[in-house]
Each structure stands twice: as C-alpha cells, then as structure tokens.
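What follows is the content of final-v5.cif, which has mmCIF, C-alpha atoms:
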data_data
loop_
_atom_site.group_PDB
_atom_site.id
_atom_site.type_symbol
_atom_site.label_atom_id
_atom_site.label_comp_id
_atom_site.auth_asym_id
_atom_site.auth_seq_id
_atom_site.Cartn_x
_atom_site.Cartn_y
_atom_site.Cartn_z
ATOM 1 C CA MET I 1 130.124 96.087 98.418
ATOM 2 C CA LYS I 2 131.299 93.490 95.955
ATOM 3 C CA ARG I 3 129.673 93.509 92.552
ATOM 4 C CA GLU I 4 128.473 89.920 92.979
ATOM 5 C CA SER I 5 126.604 90.942 96.132
ATOM 6 C CA THR I 6 124.815 93.706 94.319
ATOM 7 C CA TYR I 7 123.660 91.392 91.544
ATOM 8 C CA ALA I 8 122.498 88.805 94.038
ATOM 9 C CA LEU I 9 120.405 91.172 96.119
ATOM 10 C CA SER I 10 118.841 92.652 93.016
ATOM 11 C CA PHE I 11 117.796 89.183 91.905
ATOM 12 C CA LEU I 12 116.135 88.664 95.270
ATOM 13 C CA VAL I 13 114.184 91.879 94.879
ATOM 14 C CA LEU I 14 113.083 90.738 91.445
ATOM 15 C CA LEU I 15 111.620 87.604 93.002
ATOM 16 C CA LEU I 16 109.643 89.624 95.514
ATOM 17 C CA SER I 17 107.502 91.129 92.767
ATOM 18 C CA SER I 18 107.290 91.669 89.042
ATOM 19 C CA ILE I 19 109.911 94.392 88.867
ATOM 20 C CA PHE I 20 111.021 95.722 85.525
ATOM 21 C CA PHE I 21 114.755 96.073 85.103
ATOM 22 C CA PHE I 22 116.139 99.105 83.303
ATOM 23 C CA ASN I 23 119.694 98.510 82.158
ATOM 24 C CA LEU I 24 120.550 102.158 82.665
ATOM 25 C CA VAL I 25 123.795 101.968 84.503
ATOM 26 C CA TYR I 26 125.470 98.589 84.355
ATOM 27 C CA PRO I 27 125.229 95.570 82.064
ATOM 28 C CA PHE I 28 123.466 92.516 83.467
ATOM 29 C CA ASP I 29 125.339 89.213 83.482
ATOM 30 C CA ARG I 30 123.214 86.214 84.440
ATOM 31 C CA GLN I 31 126.302 84.054 84.915
ATOM 32 C CA PHE I 32 126.885 85.713 88.272
ATOM 33 C CA LEU I 33 123.572 84.481 89.649
ATOM 34 C CA SER I 34 124.579 80.839 89.742
ATOM 35 C CA ARG I 35 127.446 81.587 92.113
ATOM 36 C CA PHE I 36 125.584 82.615 95.271
ATOM 37 C CA ALA I 37 125.272 80.284 98.211
ATOM 38 C CA PHE I 38 122.546 82.349 99.879
ATOM 39 C CA LEU I 39 120.131 81.099 97.232
ATOM 40 C CA SER I 40 119.613 77.405 97.916
ATOM 41 C CA HIS I 41 118.034 75.207 95.286
ATOM 42 C CA VAL I 42 114.277 74.856 94.843
ATOM 43 C CA PRO I 43 113.193 71.265 94.343
ATOM 44 C CA PRO I 44 112.348 70.749 90.673
ATOM 45 C CA ASN I 45 108.769 70.597 89.544
ATOM 46 C CA ASN I 46 107.111 67.544 88.037
ATOM 47 C CA ASP I 47 108.817 67.977 84.678
ATOM 48 C CA SER I 48 110.713 64.848 83.687
ATOM 49 C CA GLN I 49 113.937 66.720 82.991
ATOM 50 C CA LYS I 50 115.676 68.540 85.822
ATOM 51 C CA LEU I 51 116.221 72.180 84.977
ATOM 52 C CA PRO I 52 119.430 74.151 85.618
ATOM 53 C CA LEU I 53 119.571 76.414 88.640
ATOM 54 C CA ILE I 54 120.017 79.735 86.865
ATOM 55 C CA GLY I 55 122.997 79.967 84.511
ATOM 56 C CA ASP I 56 121.966 81.299 81.114
ATOM 57 C CA CYS I 57 118.272 81.333 81.942
ATOM 58 C CA ASP I 58 115.861 84.139 81.181
ATOM 59 C CA TYR I 59 113.847 83.929 84.386
ATOM 60 C CA SER I 60 111.526 86.748 83.231
ATOM 61 C CA GLY I 61 109.854 84.279 80.860
ATOM 62 C CA GLY I 62 107.777 81.534 82.427
ATOM 63 C CA ARG I 63 104.454 80.718 84.022
ATOM 64 C CA TRP I 64 102.689 80.517 87.360
ATOM 65 C CA VAL I 65 102.381 76.937 88.597
ATOM 66 C CA TRP I 66 100.361 75.429 91.426
ATOM 67 C CA ASP I 67 102.640 73.881 94.053
ATOM 68 C CA GLU I 68 101.187 71.959 97.007
ATOM 69 C CA THR I 69 104.511 72.254 98.855
ATOM 70 C CA TYR I 70 103.953 75.986 99.116
ATOM 71 C CA PRO I 71 103.833 78.233 100.985
ATOM 72 C CA ARG I 72 107.283 78.231 102.426
ATOM 73 C CA GLN I 73 106.823 80.608 105.328
ATOM 74 C CA MET I 74 109.182 83.559 104.924
ATOM 75 C CA TYR I 75 107.875 85.409 107.985
ATOM 76 C CA GLU I 76 104.845 85.663 110.254
ATOM 77 C CA GLU I 77 102.404 88.566 110.333
ATOM 78 C CA ASN I 78 103.556 89.383 113.845
ATOM 79 C CA CYS I 79 106.773 90.740 112.335
ATOM 80 C CA PRO I 80 107.344 94.041 114.200
ATOM 81 C CA PHE I 81 108.209 95.854 110.981
ATOM 82 C CA LEU I 82 104.938 95.070 109.220
ATOM 83 C CA ASP I 83 102.393 97.884 109.151
ATOM 84 C CA PRO I 84 99.053 96.758 110.689
ATOM 85 C CA GLY I 85 97.254 97.706 107.495
ATOM 86 C CA PHE I 86 99.347 95.246 105.489
ATOM 87 C CA ARG I 87 98.624 92.178 107.636
ATOM 88 C CA CYS I 88 96.176 90.431 105.342
ATOM 89 C CA ARG I 89 95.158 87.471 107.476
ATOM 90 C CA GLN I 90 94.935 89.489 110.679
ATOM 91 C CA ASN I 91 92.688 91.928 108.847
ATOM 92 C CA GLY I 92 90.228 89.224 107.821
ATOM 93 C CA ARG I 93 91.512 87.600 104.644
ATOM 94 C CA LYS I 94 90.432 83.972 104.956
ATOM 95 C CA ASP I 95 91.593 82.384 101.720
ATOM 96 C CA GLY I 96 95.176 81.172 101.437
ATOM 97 C CA SER I 97 95.242 79.379 98.104
ATOM 98 C CA TYR I 98 96.948 82.351 96.439
ATOM 99 C CA ARG I 99 100.081 81.458 98.407
ATOM 100 C CA LYS I 100 100.449 78.127 96.599
ATOM 101 C CA TRP I 101 101.265 79.687 93.263
ATOM 102 C CA ARG I 102 104.930 80.089 92.398
ATOM 103 C CA TRP I 103 106.776 81.410 89.387
ATOM 104 C CA GLN I 104 108.428 78.782 87.198
ATOM 105 C CA PRO I 105 110.845 80.127 84.558
ATOM 106 C CA ASP I 106 110.846 78.265 81.258
ATOM 107 C CA GLY I 107 114.491 77.233 81.373
ATOM 108 C CA CYS I 108 115.583 77.038 85.006
ATOM 109 C CA ASP I 109 114.463 76.663 88.621
ATOM 110 C CA ILE I 110 114.302 79.653 90.943
ATOM 111 C CA PRO I 111 116.622 79.396 93.954
ATOM 112 C CA ARG I 112 115.500 79.738 97.552
ATOM 113 C CA PHE I 113 116.086 82.720 99.783
ATOM 114 C CA ASN I 114 118.543 82.564 102.688
ATOM 115 C CA ALA I 115 118.359 85.606 105.000
ATOM 116 C CA SER I 116 121.534 85.216 107.055
ATOM 117 C CA ASP I 117 123.786 84.727 104.061
ATOM 118 C CA LEU I 118 122.242 87.641 102.201
ATOM 119 C CA LEU I 119 122.841 89.889 105.211
ATOM 120 C CA GLU I 120 126.467 88.841 105.416
ATOM 121 C CA ARG I 121 127.079 89.393 101.739
ATOM 122 C CA ASN I 122 125.557 92.879 101.952
ATOM 123 C CA ARG I 123 127.435 94.029 105.050
ATOM 124 C CA ASN I 124 128.003 97.834 104.994
ATOM 125 C CA GLY I 125 125.518 98.197 102.139
ATOM 126 C CA ARG I 126 122.401 100.250 101.373
ATOM 127 C CA ILE I 127 119.156 99.068 99.789
ATOM 128 C CA VAL I 128 116.759 101.845 98.823
ATOM 129 C CA PHE I 129 113.062 101.637 97.887
ATOM 130 C CA VAL I 130 111.445 104.738 96.373
ATOM 131 C CA GLY I 131 107.819 105.218 95.351
ATOM 132 C CA ASP I 132 104.269 104.690 96.566
ATOM 133 C CA SER I 133 102.656 102.052 98.783
ATOM 134 C CA VAL I 134 103.551 99.246 96.351
ATOM 135 C CA GLY I 135 107.197 99.944 97.103
ATOM 136 C CA ARG I 136 106.369 100.217 100.783
ATOM 137 C CA ASN I 137 104.828 96.733 100.691
ATOM 138 C CA GLN I 138 108.013 95.389 99.124
ATOM 139 C CA TRP I 139 110.194 97.229 101.649
ATOM 140 C CA GLU I 140 108.300 95.845 104.634
ATOM 141 C CA SER I 141 108.306 92.333 103.190
ATOM 142 C CA LEU I 142 112.053 92.411 102.667
ATOM 143 C CA LEU I 143 112.587 93.706 106.218
ATOM 144 C CA CYS I 144 110.541 90.854 107.641
ATOM 145 C CA MET I 145 112.305 88.286 105.469
ATOM 146 C CA LEU I 146 115.687 89.543 106.640
ATOM 147 C CA THR I 147 114.694 89.293 110.321
ATOM 148 C CA GLN I 148 114.924 85.517 109.919
ATOM 149 C CA GLY I 149 118.702 85.933 109.821
ATOM 150 C CA VAL I 150 118.950 88.125 112.937
ATOM 151 C CA SER I 151 118.929 86.667 116.454
ATOM 152 C CA ASN I 152 118.325 89.950 118.305
ATOM 153 C CA LEU I 153 115.593 92.092 116.724
ATOM 154 C CA SER I 154 116.435 95.012 119.004
ATOM 155 C CA LYS I 155 119.493 95.520 116.822
ATOM 156 C CA ILE I 156 117.211 96.450 113.930
ATOM 157 C CA TYR I 157 115.932 99.988 114.361
ATOM 158 C CA GLU I 158 114.812 103.137 112.542
ATOM 159 C CA VAL I 159 117.735 105.537 112.672
ATOM 160 C CA ASN I 160 115.587 108.583 113.559
ATOM 161 C CA GLY I 161 113.327 106.751 115.998
ATOM 162 C CA SER I 162 110.310 107.168 113.709
ATOM 163 C CA PRO I 163 107.405 104.710 113.934
ATOM 164 C CA ILE I 164 106.645 102.622 110.861
ATOM 165 C CA SER I 165 102.846 102.799 111.004
ATOM 166 C CA LYS I 166 101.168 105.610 109.046
ATOM 167 C CA HIS I 167 104.473 107.345 108.467
ATOM 168 C CA LYS I 168 105.107 109.814 105.656
ATOM 169 C CA GLY I 169 108.472 110.963 104.410
ATOM 170 C CA TYR I 170 111.210 108.365 104.668
ATOM 171 C CA LEU I 171 112.313 105.563 106.958
ATOM 172 C CA VAL I 172 115.792 104.076 107.307
ATOM 173 C CA MET I 173 116.044 100.708 109.059
ATOM 174 C CA ARG I 174 119.529 99.816 110.227
ATOM 175 C CA PHE I 175 120.709 96.260 110.780
ATOM 176 C CA GLN I 176 123.294 97.119 113.408
ATOM 177 C CA GLU I 177 125.197 93.838 113.310
ATOM 178 C CA TYR I 178 125.849 94.285 109.592
ATOM 179 C CA ASN I 179 126.034 98.095 109.349
ATOM 180 C CA MET I 180 123.448 97.753 106.601
ATOM 181 C CA THR I 181 120.356 99.872 105.908
ATOM 182 C CA VAL I 182 117.109 99.090 104.107
ATOM 183 C CA GLU I 183 115.421 102.390 103.302
ATOM 184 C CA TYR I 184 112.033 103.575 102.061
ATOM 185 C CA TYR I 185 111.195 107.002 100.609
ATOM 186 C CA ARG I 186 107.556 107.840 100.004
ATOM 187 C CA VAL I 187 107.544 109.698 96.681
ATOM 188 C CA PRO I 188 104.496 108.511 94.670
ATOM 189 C CA PHE I 189 105.230 110.715 91.632
ATOM 190 C CA LEU I 190 109.058 110.658 91.965
ATOM 191 C CA CYS I 191 108.910 114.358 91.042
ATOM 192 C CA ILE I 192 108.360 117.459 93.198
ATOM 193 C CA ILE I 193 104.805 118.543 94.010
ATOM 194 C CA GLY I 194 104.608 122.226 94.847
ATOM 195 C CA ARG I 195 102.661 125.432 94.730
ATOM 196 C CA PRO I 196 101.685 126.741 91.289
ATOM 197 C CA PRO I 197 103.472 129.769 89.833
ATOM 198 C CA LEU I 198 101.977 133.209 90.413
ATOM 199 C CA ASN I 199 99.070 134.161 88.123
ATOM 200 C CA SER I 200 98.171 130.508 87.473
ATOM 201 C CA SER I 201 94.579 129.549 86.760
ATOM 202 C CA ASN I 202 92.274 129.264 89.765
ATOM 203 C CA HIS I 203 91.798 125.612 88.779
ATOM 204 C CA VAL I 204 95.417 124.860 89.663
ATOM 205 C CA ARG I 205 95.811 123.960 93.346
ATOM 206 C CA SER I 206 99.275 122.422 92.988
ATOM 207 C CA THR I 207 101.665 121.344 90.273
ATOM 208 C CA ILE I 208 103.718 118.240 89.573
ATOM 209 C CA ARG I 209 107.069 119.467 88.308
ATOM 210 C CA LEU I 210 107.895 116.968 85.617
ATOM 211 C CA ASP I 211 111.420 118.252 85.087
ATOM 212 C CA GLU I 212 112.472 118.188 88.759
ATOM 213 C CA LEU I 213 113.076 114.993 90.692
ATOM 214 C CA HIS I 214 112.075 115.034 94.349
ATOM 215 C CA TRP I 215 114.564 116.667 96.732
ATOM 216 C CA TYR I 216 114.948 113.327 98.524
ATOM 217 C CA SER I 217 116.936 112.224 95.492
ATOM 218 C CA ASN I 218 120.180 113.459 97.040
ATOM 219 C CA LYS I 219 119.672 110.803 99.730
ATOM 220 C CA TRP I 220 119.405 108.026 97.151
ATOM 221 C CA GLU I 221 122.856 108.614 95.754
ATOM 222 C CA GLY I 222 125.468 106.142 96.883
ATOM 223 C CA ALA I 223 123.012 103.275 97.423
ATOM 224 C CA ASP I 224 124.084 99.840 96.237
ATOM 225 C CA VAL I 225 120.629 98.725 95.084
ATOM 226 C CA LEU I 226 117.704 100.997 94.234
ATOM 227 C CA ILE I 227 114.135 99.858 93.565
ATOM 228 C CA PHE I 228 111.885 102.574 92.151
ATOM 229 C CA ASN I 229 108.169 102.314 91.520
ATOM 230 C CA SER I 230 105.657 104.807 90.185
ATOM 231 C CA GLY I 231 102.411 104.543 88.241
ATOM 232 C CA HIS I 232 99.366 104.102 90.466
ATOM 233 C CA TRP I 233 99.125 107.793 91.298
ATOM 234 C CA TRP I 234 99.407 108.803 87.667
ATOM 235 C CA ASN I 235 95.668 108.887 87.011
ATOM 236 C CA PRO I 236 93.129 111.719 86.522
ATOM 237 C CA ASP I 237 91.673 111.383 90.025
ATOM 238 C CA LYS I 238 95.042 111.879 91.718
ATOM 239 C CA THR I 239 96.127 114.670 89.373
ATOM 240 C CA ILE I 240 93.924 116.838 87.180
ATOM 241 C CA LYS I 241 90.598 116.159 88.900
ATOM 242 C CA SER I 242 92.116 117.082 92.245
ATOM 243 C CA GLY I 243 93.627 120.287 90.876
ATOM 244 C CA SER I 244 97.187 119.031 90.370
ATOM 245 C CA TYR I 245 98.422 119.994 86.927
ATOM 246 C CA PHE I 246 101.757 119.482 85.205
ATOM 247 C CA GLN I 247 104.558 122.025 85.203
ATOM 248 C CA GLU I 248 107.833 122.298 83.299
ATOM 249 C CA GLY I 249 110.052 125.254 84.036
ATOM 250 C CA ARG I 250 107.737 128.124 84.962
ATOM 251 C CA ARG I 251 104.948 126.974 82.648
ATOM 252 C CA VAL I 252 101.874 125.030 83.719
ATOM 253 C CA ASN I 253 100.444 122.915 80.919
ATOM 254 C CA MET I 254 96.678 122.703 81.388
ATOM 255 C CA SER I 255 96.141 120.465 78.352
ATOM 256 C CA MET I 256 98.766 117.747 78.905
ATOM 257 C CA ASN I 257 97.270 114.308 79.525
ATOM 258 C CA VAL I 258 98.370 112.068 82.376
ATOM 259 C CA LYS I 259 100.059 109.474 80.168
ATOM 260 C CA GLU I 260 102.306 112.070 78.549
ATOM 261 C CA ALA I 261 103.095 113.623 81.923
ATOM 262 C CA PHE I 262 104.093 110.231 83.303
ATOM 263 C CA ARG I 263 106.361 109.630 80.324
ATOM 264 C CA ARG I 264 108.098 112.981 80.807
ATOM 265 C CA SER I 265 108.592 112.343 84.523
ATOM 266 C CA LEU I 266 110.327 109.062 83.671
ATOM 267 C CA GLU I 267 112.652 110.884 81.296
ATOM 268 C CA THR I 268 113.604 113.139 84.211
ATOM 269 C CA TRP I 269 114.167 110.117 86.451
ATOM 270 C CA LYS I 270 116.235 108.352 83.801
ATOM 271 C CA SER I 271 118.441 111.387 83.226
ATOM 272 C CA TRP I 272 119.018 111.730 86.977
ATOM 273 C CA ALA I 273 119.912 108.043 87.308
ATOM 274 C CA LEU I 274 122.421 108.188 84.478
ATOM 275 C CA HIS I 275 124.143 111.277 85.813
ATOM 276 C CA ASN I 276 124.042 110.742 89.579
ATOM 277 C CA LEU I 277 124.181 107.042 90.417
ATOM 278 C CA ASP I 278 127.356 105.080 90.913
ATOM 279 C CA PRO I 279 127.977 102.892 87.838
ATOM 280 C CA ARG I 280 128.223 99.935 90.226
ATOM 281 C CA SER I 281 124.698 100.526 91.541
ATOM 282 C CA PHE I 282 121.994 98.180 90.371
ATOM 283 C CA VAL I 283 118.693 99.850 89.451
ATOM 284 C CA PHE I 284 115.198 98.399 89.173
ATOM 285 C CA PHE I 285 112.030 100.125 88.100
ATOM 286 C CA ARG I 286 108.470 98.878 88.242
ATOM 287 C CA SER I 287 105.313 100.586 87.093
ATOM 288 C CA TYR I 288 101.709 99.452 87.427
ATOM 289 C CA SER I 289 100.606 96.257 89.133
ATOM 290 C CA PRO I 290 97.230 94.861 90.204
ATOM 291 C CA VAL I 291 95.797 96.963 93.019
ATOM 292 C CA HIS I 292 96.749 95.661 96.457
ATOM 293 C CA TYR I 293 93.390 96.312 98.079
ATOM 294 C CA ARG I 294 89.789 95.761 97.172
ATOM 295 C CA GLN I 295 86.530 97.395 98.122
ATOM 296 C CA VAL I 296 84.073 95.100 99.852
ATOM 297 C CA HIS I 297 80.409 96.042 99.476
#

Let's see the structure in the file written out as structure tokens.
Amino acid sequence: MKRESTYALSFLVLLLSSIFFFNLVYPFDRQFLSRFAFLSHVPPNNDSQKLPLIGDCDYSGGRWVWDETYPRQMYEENCPFLDPGFRCRQNGRKDGSYRKWRWQPDGCDIPRFNASDLLERNRNGRIVFVGDSVGRNQWESLLCMLTQGVSNLSKIYEVNGSPISKHKGYLVMRFQEYNMTVEYYRVPFLCIIGRPPLNSSNHVRSTIRLDELHWYSNKWEGADVLIFNSGHWWNPDKTIKSGSYFQEGRRVNMSMNVKEAFRRSLETWKSWALHNLDPRSFVFFRSYSPVHYRQVH
C-alpha cells in the first residue's frame, strides 16, 4: 500500500472518534492530507473567511459546532454488519439532535468521506481494530460506511464464516473486490488474562499479565493501519474486585493499583509496537471515552 493511502485512511479513522495518535513508528506529515481526492470538501461554516481544506492545520484543536445541514447519512441502521445491540434508533433512542453536532478545527475545514475512493486507494490492504466494545463500535461503523462504495454486499464476508452478533475472539471482514480486510480483535486489556501461578492467594481467580501482550498480537503484524483502544475495563470492578490481579513474570502483585497496572500494560504494548510493526504502518491509540450506554431507571 502506498504511504499516502495509509495516511489518508488513518485520518478517516481519526474523524470517526476522538482517537489519540501515538507517533511511535512513523513521523506524521499533515501536508499529505490535502492531496486525497476521496475526501471531498465540507462547505465552510458561517465564518466570514473561508478556511483551508487541511494543509498545515492542527485538526485536533477546535470546537463542536451546531450544523443544521447535518446529519449527512453515512449508512442506515439496516446495515447487515451492524450488531443489533448497536442500532440506537431501532432500540428506542428517540432524540436525534446529537447528530447535528460536527467538529470544526480552528484553522481548517474537515473534508468529507468518500467510500469508493477510499476502498480503491486501500486495495490489498489491512485495517485492524484491537480492544474492547468501543473499538468494536468503530469497526462496525467503518464497515457500514465502506458498504456505500460496494455494489454487491455478498462480496463482503467474514473469512471464517463467523456471525458478527455476540461474537468473541476476532472477526475478519474481506472486501473481495479490493482484496482488503477490516479486522476486529476483542482484547479489552490488550494483555493476556490467565490462570494464577501455583500457590497464589485464594483471592486470586485470574491474573492480567502486564508484561505479555495477547497472543493475537502475531495476527496484527503486517497491518497497514492499526487502531488500538483500552481503558474502560481498567477499573476495580473488572479487575481486583472480581479476583483478577496483576502479574509480572511469575509474581502476582496484590497491592498494585489499577492505574499503575494500566500504565505498565501500555509500556508493554508500546515496546511490542516499536519492535514488531512495519515502520510504514500507521498506529492510533485511544483510551477512555464517555460510556456508550446508559442505565434507564
């Protein structure tokens, strides 16, 4: 895959959510972003001066603005690759005003998304999402957005024949016409969760091995774009209170707090990325975000 294609797709993923970019592997050059035809121009806002498209713009700095021309429908909830649990309106959400907010960078306008051109530019490529259900949401959204550029949906399929709904493990969706895959690996902690060492305390039901990345990691190597997310499961309820403690080497640390454990797991992830990913790969990482569900009393 050409380097320009990698940069372009990564920018798209950034627009899908507030993803934090770690410049671990390759330097980021914003000049490339203005050169892609698959991102068509967004009409300028009401500011008197027309803003540049991208160029030398820091699009991470800006504000949310109300836009009556939104939403621009990217896909319908009947998309066959959307898990039933993630179909907000079909599951009873009545308000739609949240869809009229868009991100406006301080010094430029965000381009539009064009599915067919993105698919062509990423022919023979791999896009990999790794993490918890936040990453799964992003993965499914991108799949549905890309279907707008495919005339025959039967040529998009899971390579192992696995169903999307309520699936654990990993899923690899192939766009046959483009020999391109968009993959999701469910690894909420990024690290291995396993049985505790012999003679561990009776309080320890399992351990999170902070110094060992999940064994799926060998499948992530060679991807052109990787989007990692972890954070929501790093809380006392999902770890210590449920009997999952933190392990390094053969030692279980019963006193380590969750924040420190999370930090050490990210050091493991960072070291793996630096030593195992192709220097041409483009890597994103995101941590916490607002919860994507709410309890109704």

At a cut-off of 7 Å, using all atoms listed in the file, what residues contact Gly243 in chain I? Leave out same-chain residues fewer than 2 positions from it and give the result as number ranges by chain. I: 203-206, 239-241, 245

Nearest to Val150 in chain I: which of I:Ala115, I:Leu190, I:Val134, I:Leu171 is it, counting all atoms listed in the file? I:Ala115

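The interatomic distance for the pair CA of Cys191 in chain I and CA of Tyr216 in chain I works out to 9.7 Å.
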
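If you count only C-alpha atoms and ignore residues fewer than 3 places along the chain from Leu266 in chain I, what sits within 12 Å of it is Phe22, Phe189, Leu190, Cys191, Arg209, Leu210, Asp211, Glu212, Leu213, Phe228, Asn229, Ser230, Gly231, Trp234, Lys259, Glu260, Ala261, Phe262, Arg263, Trp269, Lys270, Ser271, Trp272, Ala273, Phe285, Arg286 and Ser287 of chain I.
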
How big is the axis-aligned box around the listed atoms of range 198-211 of chain I once 6 Å is added on each side, and where is its centre? Give both in Å to one decimal, as lines of an AutoDock Vina configuration file.
center_x = 101.6
center_y = 125.6
center_z = 89.2
size_x = 31.6
size_y = 29.2
size_z = 20.3
